[in-house]
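Visitor: File input-v5.tsv follows (TSV, C-alpha atoms):
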chain	number	residue	atom	x	y	z
X	1029	MET	CA	58.25	87.96	53.71
X	1030	SER	CA	60.34	85.33	55.45
X	1031	SER	CA	59.72	84.37	59.03
X	1032	PRO	CA	62.35	85.42	61.61
X	1033	ALA	CA	64.94	82.80	62.44
X	1034	PRO	CA	64.29	80.96	65.69
X	1035	ARG	CA	66.23	82.45	68.57
X	1036	GLY	CA	67.12	79.11	70.15
X	1037	ARG	CA	69.31	78.81	73.24
X	1038	PRO	CA	72.01	81.42	73.91
X	1039	ARG	CA	75.45	80.46	72.69
X	1040	LYS	CA	77.53	78.84	75.40
X	1041	LEU	CA	80.58	80.84	76.41
X	1042	PRO	CA	83.96	79.42	75.37
X	1043	VAL	CA	85.64	77.42	78.12
X	1044	SER	CA	88.47	79.93	78.48
X	1045	GLU	CA	86.03	82.81	78.95
X	1046	GLN	CA	83.98	80.85	81.47
X	1047	ARG	CA	87.13	80.06	83.41
X	1048	ALA	CA	88.28	83.68	83.45
X	1049	ARG	CA	84.85	84.88	84.56
X	1050	VAL	CA	84.68	82.36	87.37
X	1051	LEU	CA	88.15	83.27	88.65
X	1052	GLN	CA	87.35	86.98	88.61
X	1053	ALA	CA	83.99	86.41	90.29
X	1054	THR	CA	85.57	84.20	92.94
X	1055	ALA	CA	88.11	86.89	93.78
X	1056	ARG	CA	85.35	89.46	94.26
X	1057	VAL	CA	83.15	87.15	96.34
X	1058	VAL	CA	86.02	85.91	98.53
X	1059	ALA	CA	87.27	89.46	99.11
X	1060	GLN	CA	83.79	90.44	100.27
X	1061	HIS	CA	82.69	87.35	102.22
X	1062	GLY	CA	85.90	85.47	103.07
X	1063	MET	CA	86.70	81.84	102.34
X	1064	GLN	CA	84.08	80.47	104.70
X	1065	GLY	CA	81.30	82.79	103.56
X	1066	ALA	CA	81.86	82.48	99.80
X	1067	THR	CA	79.62	79.92	98.11
X	1068	ILE	CA	79.57	78.36	94.66
X	1069	GLU	CA	76.06	79.76	94.19
X	1070	GLN	CA	77.30	83.31	94.82
X	1071	ILE	CA	80.28	82.82	92.53
X	1072	ALA	CA	78.21	81.35	89.70
X	1073	ARG	CA	75.71	84.19	89.94
X	1074	GLU	CA	78.50	86.80	89.97
X	1075	ALA	CA	80.18	85.15	86.96
X	1076	GLY	CA	76.94	84.74	85.02
X	1077	VAL	CA	77.39	80.98	84.60
X	1078	SER	CA	75.74	77.89	86.07
X	1079	ARG	CA	76.87	76.10	89.21
X	1080	GLN	CA	77.53	73.08	87.02
X	1081	ALA	CA	79.90	75.12	84.85
X	1082	VAL	CA	81.89	76.09	87.94
X	1083	TYR	CA	82.22	72.48	89.04
X	1084	GLU	CA	83.12	71.36	85.51
X	1085	GLN	CA	85.93	73.90	85.36
X	1086	PHE	CA	87.41	73.48	88.83
X	1087	GLY	CA	86.13	70.27	90.35
X	1088	ASP	CA	85.46	71.52	93.85
X	1089	ARG	CA	85.42	74.61	96.04
X	1090	ALA	CA	88.87	74.02	97.58
X	1091	THR	CA	90.55	73.72	94.19
X	1092	LEU	CA	88.83	76.87	92.93
X	1093	PHE	CA	89.87	78.89	95.98
X	1094	ALA	CA	93.46	77.61	95.83
X	1095	GLU	CA	93.74	78.66	92.19
X	1096	VAL	CA	92.31	82.11	92.86
X	1097	VAL	CA	94.75	82.69	95.72
X	1098	ALA	CA	97.73	81.48	93.66
X	1099	GLU	CA	96.74	83.63	90.69
X	1100	THR	CA	96.21	86.71	92.88
X	1101	GLU	CA	99.55	86.25	94.62
X	1102	GLU	CA	101.40	85.87	91.32
X	1103	ARG	CA	99.67	88.84	89.73
X	1104	ALA	CA	100.53	90.98	92.74
X	1105	PHE	CA	104.16	89.87	92.75
X	1106	THR	CA	104.58	90.57	89.03
X	1107	ALA	CA	102.96	94.01	89.27
X	1108	ILE	CA	104.72	95.19	92.43
X	1109	ALA	CA	108.14	93.70	91.71
X	1110	GLY	CA	108.17	95.41	88.32
X	1111	PRO	CA	111.12	96.57	86.23
X	1112	SER	CA	111.54	99.72	88.34
X	1113	VAL	CA	112.81	97.67	91.29
X	1114	ALA	CA	115.96	96.58	89.51
X	1115	ASP	CA	116.50	99.89	87.70
X	1116	GLU	CA	119.86	101.21	88.87
X	1117	GLN	CA	119.82	104.42	86.82
X	1118	PRO	CA	117.25	106.82	88.37
X	1119	GLY	CA	118.06	108.75	91.51
X	1120	LEU	CA	116.65	107.65	94.84
X	1121	ARG	CA	113.56	109.85	94.63
X	1122	ALA	CA	112.56	108.62	91.14
X	1123	TRP	CA	113.32	105.02	92.10
X	1124	ALA	CA	111.33	105.15	95.33
X	1125	ARG	CA	108.39	106.88	93.65
X	1126	ALA	CA	108.22	104.32	90.84
X	1127	ASN	CA	108.16	101.47	93.33
X	1128	TYR	CA	105.50	103.03	95.54
X	1129	ALA	CA	103.47	103.66	92.38
X	1130	ASN	CA	103.71	99.94	91.56
X	1131	MET	CA	102.14	99.05	94.90
X	1132	VAL	CA	99.46	101.75	94.97
X	1133	THR	CA	98.48	101.16	91.33
X	1134	PHE	CA	98.11	97.43	91.84
X	1135	VAL	CA	95.70	97.96	94.72
X	1136	ALA	CA	93.75	100.58	92.73
X	1137	ASP	CA	93.52	98.33	89.67
X	1138	HIS	CA	92.75	95.15	91.63
X	1139	PRO	CA	90.76	96.24	94.70
X	1140	GLU	CA	89.87	92.63	95.50
X	1141	GLY	CA	93.52	91.51	95.56
X	1142	TYR	CA	94.42	92.23	99.16
X	1143	GLY	CA	90.99	91.03	100.24
X	1144	VAL	CA	91.67	87.63	98.68
X	1145	LEU	CA	95.13	87.37	100.24
X	1146	ARG	CA	93.87	88.41	103.68
X	1147	ALA	CA	91.02	85.90	103.44
X	1148	ALA	CA	93.54	83.19	102.58
X	1149	GLU	CA	95.61	84.10	105.66
X	1150	ARG	CA	92.56	83.81	107.89
X	1151	ALA	CA	91.78	80.41	106.36
X	1152	GLY	CA	95.28	79.07	107.08
X	1153	ASP	CA	97.08	79.75	103.78
X	1154	PRO	CA	99.77	82.40	104.48
X	1155	ALA	CA	99.46	83.90	101.01
X	1156	LEU	CA	99.92	87.53	102.05
X	1157	THR	CA	102.88	86.67	104.26
X	1158	ARG	CA	104.39	84.69	101.40
X	1159	LEU	CA	103.94	87.62	99.01
X	1160	ARG	CA	105.57	90.02	101.46
X	1161	GLU	CA	108.53	87.68	101.90
X	1162	ARG	CA	109.01	87.28	98.14
X	1163	LEU	CA	108.82	91.02	97.57
X	1164	ALA	CA	111.13	91.75	100.49
X	1165	VAL	CA	113.87	89.59	98.95
X	1166	VAL	CA	113.68	91.48	95.65
X	1167	TYR	CA	113.45	94.94	97.16
X	1168	ALA	CA	116.11	94.34	99.82
X	1169	GLU	CA	118.61	93.16	97.21
X	1170	ALA	CA	117.97	96.24	95.07
X	1171	SER	CA	118.21	98.46	98.15
X	1172	ARG	CA	121.47	96.80	99.21
X	1173	LYS	CA	123.03	97.65	95.85
X	1174	ARG	CA	121.99	101.28	96.22
X	1175	TRP	CA	123.55	101.52	99.68
X	1176	ALA	CA	126.73	99.90	98.33
X	1177	ALA	CA	126.94	102.55	95.58
X	1178	HIS	CA	127.40	105.07	98.41
X	1179	GLY	CA	130.04	102.92	100.08
X	1180	ILE	CA	127.66	101.77	102.84
X	1181	ASP	CA	127.27	98.19	104.01
X	1182	SER	CA	123.60	98.24	104.95
X	1183	GLY	CA	123.62	94.89	106.76
X	1184	ARG	CA	120.05	94.09	107.83
X	1185	ALA	CA	118.91	97.71	107.58
X	1186	ASP	CA	117.68	97.27	104.01
X	1187	ARG	CA	115.40	94.39	105.00
X	1188	ALA	CA	114.09	96.36	107.99
X	1189	LEU	CA	113.41	99.43	105.85
X	1190	VAL	CA	111.68	97.42	103.11
X	1191	THR	CA	109.45	95.78	105.71
X	1192	LEU	CA	108.61	99.21	107.14
X	1193	PHE	CA	107.86	100.71	103.72
X	1194	PHE	CA	105.55	97.84	102.77
X	1195	ALA	CA	103.68	98.22	106.05
X	1196	MET	CA	103.23	101.97	105.49
X	1197	THR	CA	101.98	101.44	101.95
X	1198	GLU	CA	99.52	98.70	102.92
X	1199	SER	CA	98.16	100.86	105.73
X	1200	LEU	CA	97.63	103.84	103.44
X	1201	VAL	CA	95.97	101.98	100.58
X	1202	GLN	CA	93.58	100.24	102.99
X	1203	ALA	CA	92.79	103.32	105.07
X	1204	THR	CA	89.27	104.71	105.28
X	1205	TRP	CA	88.87	108.45	104.87
X	1206	ASP	CA	86.24	111.02	105.73
X	1207	GLY	CA	84.68	111.92	102.41
X	1208	GLU	CA	86.66	111.39	99.22
X	1209	PRO	CA	90.02	109.62	99.59
X	1210	PRO	CA	93.16	111.69	98.96
X	1211	ASP	CA	94.57	111.94	95.45
X	1212	GLN	CA	96.51	108.77	94.60
X	1213	ASP	CA	99.55	110.71	93.36
X	1214	ALA	CA	99.58	112.72	96.59
X	1215	LEU	CA	99.80	109.51	98.62
X	1216	ILE	CA	102.64	108.25	96.43
X	1217	ASP	CA	104.47	111.58	96.85
X	1218	LEU	CA	103.96	111.44	100.61
X	1219	LEU	CA	105.51	107.97	100.81
X	1220	THR	CA	108.33	109.00	98.49
X	1221	GLU	CA	109.33	112.14	100.40
X	1222	PHE	CA	109.08	110.35	103.74
X	1223	THR	CA	111.38	107.63	102.42
X	1224	VAL	CA	113.91	109.94	100.77
X	1225	GLY	CA	114.11	112.11	103.86
X	1226	GLY	CA	114.59	109.13	106.13
X	1227	VAL	CA	117.30	107.54	103.98
X	1228	ALA	CA	119.13	110.86	103.63
X	1229	ARG	CA	119.17	111.25	107.40
X	1230	LEU	CA	120.43	107.69	107.87
X	1231	GLN	CA	123.27	108.40	105.44
X	1232	THR	CA	124.32	111.71	106.99
X	1233	LYS	CA	123.18	112.21	110.58
X	1234	ALA	CA	122.18	108.79	111.90
X	1235	SER	CA	124.65	106.41	110.30
X	1236	ASP	CA	125.17	104.72	113.68
X	1237	VAL	CA	121.71	103.18	113.25
X	1238	ILE	CA	122.96	101.29	110.18
X	1239	ASP	CA	126.00	100.11	112.16
X	1240	ARG	CA	123.75	98.73	114.90
X	1241	LEU	CA	121.66	96.77	112.39
X	1242	ARG	CA	124.58	94.93	110.78
Go through the file and emit its structure as structure tokens.
Guide:
Amino acid sequence: MSSPAPRGRPRKLPVSEQRARVLQATARVVAQHGMQGATIEQIAREAGVSRQAVYEQFGDRATLFAEVVAETEERAFTAIAGPSVADEQPGLRAWARANYANMVTFVADHPEGYGVLRAAERAGDPALTRLRERLAVVYAEASRKRWAAHGIDSGRADRALVTLFFAMTESLVQATWDGEPPDQDALIDLLTEFTVGGVARLQTKASDVIDRLR
């Protein structure tokens, strides 16, 4: 009977997998502890790699954090400014719901995302502000086209409404609840109906508000 093969040292993870693990771990640690509180030791332990591996991949703490913030911002922008934003075919309700779903789903799928962006803001990198500005440009342009289809020059109203809708969504997805949080689809429907009702009123009974915002 042959002797068992020696176990030896565990196989080293491929560089790409190490890098991905470290970035994911950094996002979780930064979201929990902030930029100042997050340490390489915590990140390495969370990623299941050595401190040396972290330094080999990213050089230093500042470079690692900058890359995590940039990656988080880009992932958020791509997910939230999805194809539904530019879709001119669905009615207002379907369009609004699809866009709210983009935002709520991103936060649900990447719970550390806003934590990373808020931590960056506190550390002097206006990442969350930058993301909001980028998204506002895309959404305001799409909104402007929808107003124009009804013969309405929305002026600055579209930008004001987009800013308001983002603020409402951020507040809801970050809210704390007694017991279990509300159903995700129910929150999306709430935002959708609130938006549709408000826009309908602006178009029919409060059009002077649009005039004042031009």
Visitor: Need to verify the contact set: stretch 1186-1197 of chain X, 7 Å, only C-alpha atoms, exclusion of same-chain residues closer than 6 positions in sequence. Can you return it as a list in words?
Guide: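 The contact residues come out as Ala1164, Tyr1167, Ala1168, Ser1171 and Arg1172 of chain X.
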Visitor: Would you list the contacts of X:Arg1049 as a tab-separated table (two decimals) with C-alpha atoms, in the frame of the given file, taking every protein, DNA or RNA residue within 9 Å and counting all atoms listed in the file, but skipping same-chain residues closer than 4 positions in sequence?
Guide:
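As written to disk, around_13.tsv reads:
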chain	number	residue	atom	x	y	z
X	1044	SER	CA	88.47	79.93	78.48
X	1045	GLU	CA	86.03	82.81	78.95
X	1053	ALA	CA	83.99	86.41	90.29
X	1054	THR	CA	85.57	84.20	92.94
X	1074	GLU	CA	78.50	86.80	89.97
X	1075	ALA	CA	80.18	85.15	86.96
X	1076	GLY	CA	76.94	84.74	85.02
X	1077	VAL	CA	77.39	80.98	84.60
Visitor: Pick out the residues sitting within 12 Å of X:Thr1091, and hand them over as a list in words; count all atoms listed in the file, and ignore anything fewer than 5 positions along from it in its own chain.
Guide: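 After dropping sequence-adjacent residues, the list is Leu1051, Thr1054, Ile1068, Val1082, Tyr1083, Glu1084, Gln1085, Phe1086, Val1096, Val1097 and Ala1098 of chain X.
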Visitor: Nearest residue to X:Trp1123 out of X:Met1063, X:Ala1170, X:Phe1222, X:Gly1087, using only C-alpha atoms?
Guide: X:Ala1170
Visitor: So what do you get for atom CA of X:Ala1059 versus atom CA of X:Pro1139, distance-wise?
Guide: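 Separation between atom CA of X:Ala1059 and atom CA of X:Pro1139: 8.8 Å.
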Visitor: Have a look at atom CA of X:Ala1109 and atom CA of X:Arg1162 and let me know their distance in Å, one decimal.
Guide: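 So the two atoms, atom CA of X:Ala1109 and atom CA of X:Arg1162, lie 9.1 Å apart.
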Visitor: Restricting the calculation to only C-alpha atoms, which member of X:Val1132, X:Ala1148, X:Ala1177, X:Leu1120 is positioned closest to X:Val1227?
Guide: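 Of X:Val1132, X:Ala1148, X:Ala1177, X:Leu1120, the one nearest X:Val1227, counting only C-alpha atoms, is X:Leu1120.
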Visitor: Have a look at X:Glu1069, X:Asp1236, X:Gln1231, X:Leu1218 and name the one nearest to X:Arg1121; count all atoms listed in the file.
Guide: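 Result for the nearest residue to X:Arg1121: X:Leu1218.
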Visitor: Could you jot down the atom CA of X:Thr1232 to atom CA of X:Ser1112 separation for me, Å, one decimal place?
Guide: 25.6 Å
Visitor: Determine, counting only C-alpha atoms, which protein, DNA and RNA residues have an atom within 10 Å of an atom of X:Pro1111; residues of the same chain fewer than 4 positions away are not included. Present the result as a list in words.
Guide: Thr1106, Ala1107, Asp1115, Ala1126, Asn1127 and Asn1130 of chain X
Visitor: Could you write out that same residue set with C-alpha atoms as a compact mmCIF listing (two decimals), in the frame of the given file?
Guide:
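What landed in out14.txt:
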# COMPACT_ATOMS: atom_id res chain seq x y z
CA THR X 1106 104.58 90.57 89.03
CA ALA X 1107 102.96 94.01 89.27
CA ASP X 1115 116.50 99.89 87.70
CA ALA X 1126 108.22 104.32 90.84
CA ASN X 1127 108.16 101.47 93.33
CA ASN X 1130 103.71 99.94 91.56
Visitor: Show me, as a PDB file with C-alpha atoms, in the frame of the given file, the residues that have an atom within 12 Å of stretch 1200-1203 of chain X when counting all atoms listed in the file, minus same-chain residues fewer than 6 positions from it.
Guide:
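This went into out33.pdb:
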ATOM      1  CA  TYR X1128     105.500 103.030  95.540  1.00  0.00           C
ATOM      2  CA  ALA X1129     103.470 103.660  92.380  1.00  0.00           C
ATOM      3  CA  MET X1131     102.140  99.050  94.900  1.00  0.00           C
ATOM      4  CA  VAL X1132      99.460 101.750  94.970  1.00  0.00           C
ATOM      5  CA  THR X1133      98.480 101.160  91.330  1.00  0.00           C
ATOM      6  CA  PHE X1134      98.110  97.430  91.840  1.00  0.00           C
ATOM      7  CA  VAL X1135      95.700  97.960  94.720  1.00  0.00           C
ATOM      8  CA  ALA X1136      93.750 100.580  92.730  1.00  0.00           C
ATOM      9  CA  ASP X1137      93.520  98.330  89.670  1.00  0.00           C
ATOM     10  CA  HIS X1138      92.750  95.150  91.630  1.00  0.00           C
ATOM     11  CA  PRO X1139      90.760  96.240  94.700  1.00  0.00           C
ATOM     12  CA  GLU X1140      89.870  92.630  95.500  1.00  0.00           C
ATOM     13  CA  GLY X1141      93.520  91.510  95.560  1.00  0.00           C
ATOM     14  CA  TYR X1142      94.420  92.230  99.160  1.00  0.00           C
ATOM     15  CA  GLY X1143      90.990  91.030 100.240  1.00  0.00           C
ATOM     16  CA  ARG X1146      93.870  88.410 103.680  1.00  0.00           C
ATOM     17  CA  PHE X1193     107.860 100.710 103.720  1.00  0.00           C
ATOM     18  CA  PHE X1194     105.550  97.840 102.770  1.00  0.00           C
ATOM     19  CA  PRO X1209      90.020 109.620  99.590  1.00  0.00           C
ATOM     20  CA  PRO X1210      93.160 111.690  98.960  1.00  0.00           C
ATOM     21  CA  ASP X1211      94.570 111.940  95.450  1.00  0.00           C
ATOM     22  CA  GLN X1212      96.510 108.770  94.600  1.00  0.00           C
ATOM     23  CA  ASP X1213      99.550 110.710  93.360  1.00  0.00           C
ATOM     24  CA  ALA X1214      99.580 112.720  96.590  1.00  0.00           C
ATOM     25  CA  LEU X1215      99.800 109.510  98.620  1.00  0.00           C
ATOM     26  CA  ILE X1216     102.640 108.250  96.430  1.00  0.00           C
ATOM     27  CA  LEU X1218     103.960 111.440 100.610  1.00  0.00           C
ATOM     28  CA  LEU X1219     105.510 107.970 100.810  1.00  0.00           C
TER      29      LEU X1219
END
Visitor: So that all listed atoms of stretch 1148-1167 of chain X fit with 8 Å spare on each side, what axis-aligned box centre and edge lengths in Å, to one decimal, would you give as JSON?
Guide:
{"center_x": 102.8, "center_y": 87.0, "center_z": 101.8, "size_x": 38.1, "size_y": 31.9, "size_z": 28.2}
Visitor: Could you check which of X:Ile1238, X:Leu1156, X:Ile1180, X:Ala1094 is closest to X:Ala1055, using all atoms listed in the file?
Guide: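 The closest residue to X:Ala1055 is X:Ala1094.
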Visitor: Go through X:His1178, X:Asp1206, X:Ala1081, X:Val1166 one by one, measure the shortest atom-to-atom distance of each to X:Pro1042 using all atoms listed in the file, and give the residue with the smallest value.
Guide: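 Smallest separation from X:Pro1042 among the options: X:Ala1081.
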Visitor: Determine the nearest neighbour of X:Ile1071 from the options X:Glu1099, X:Gly1226, X:Leu1163, X:Leu1092, counting only C-alpha atoms.
Guide: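 Between X:Glu1099, X:Gly1226, X:Leu1163, X:Leu1092, the residue approaching X:Ile1071 most closely is X:Leu1092.
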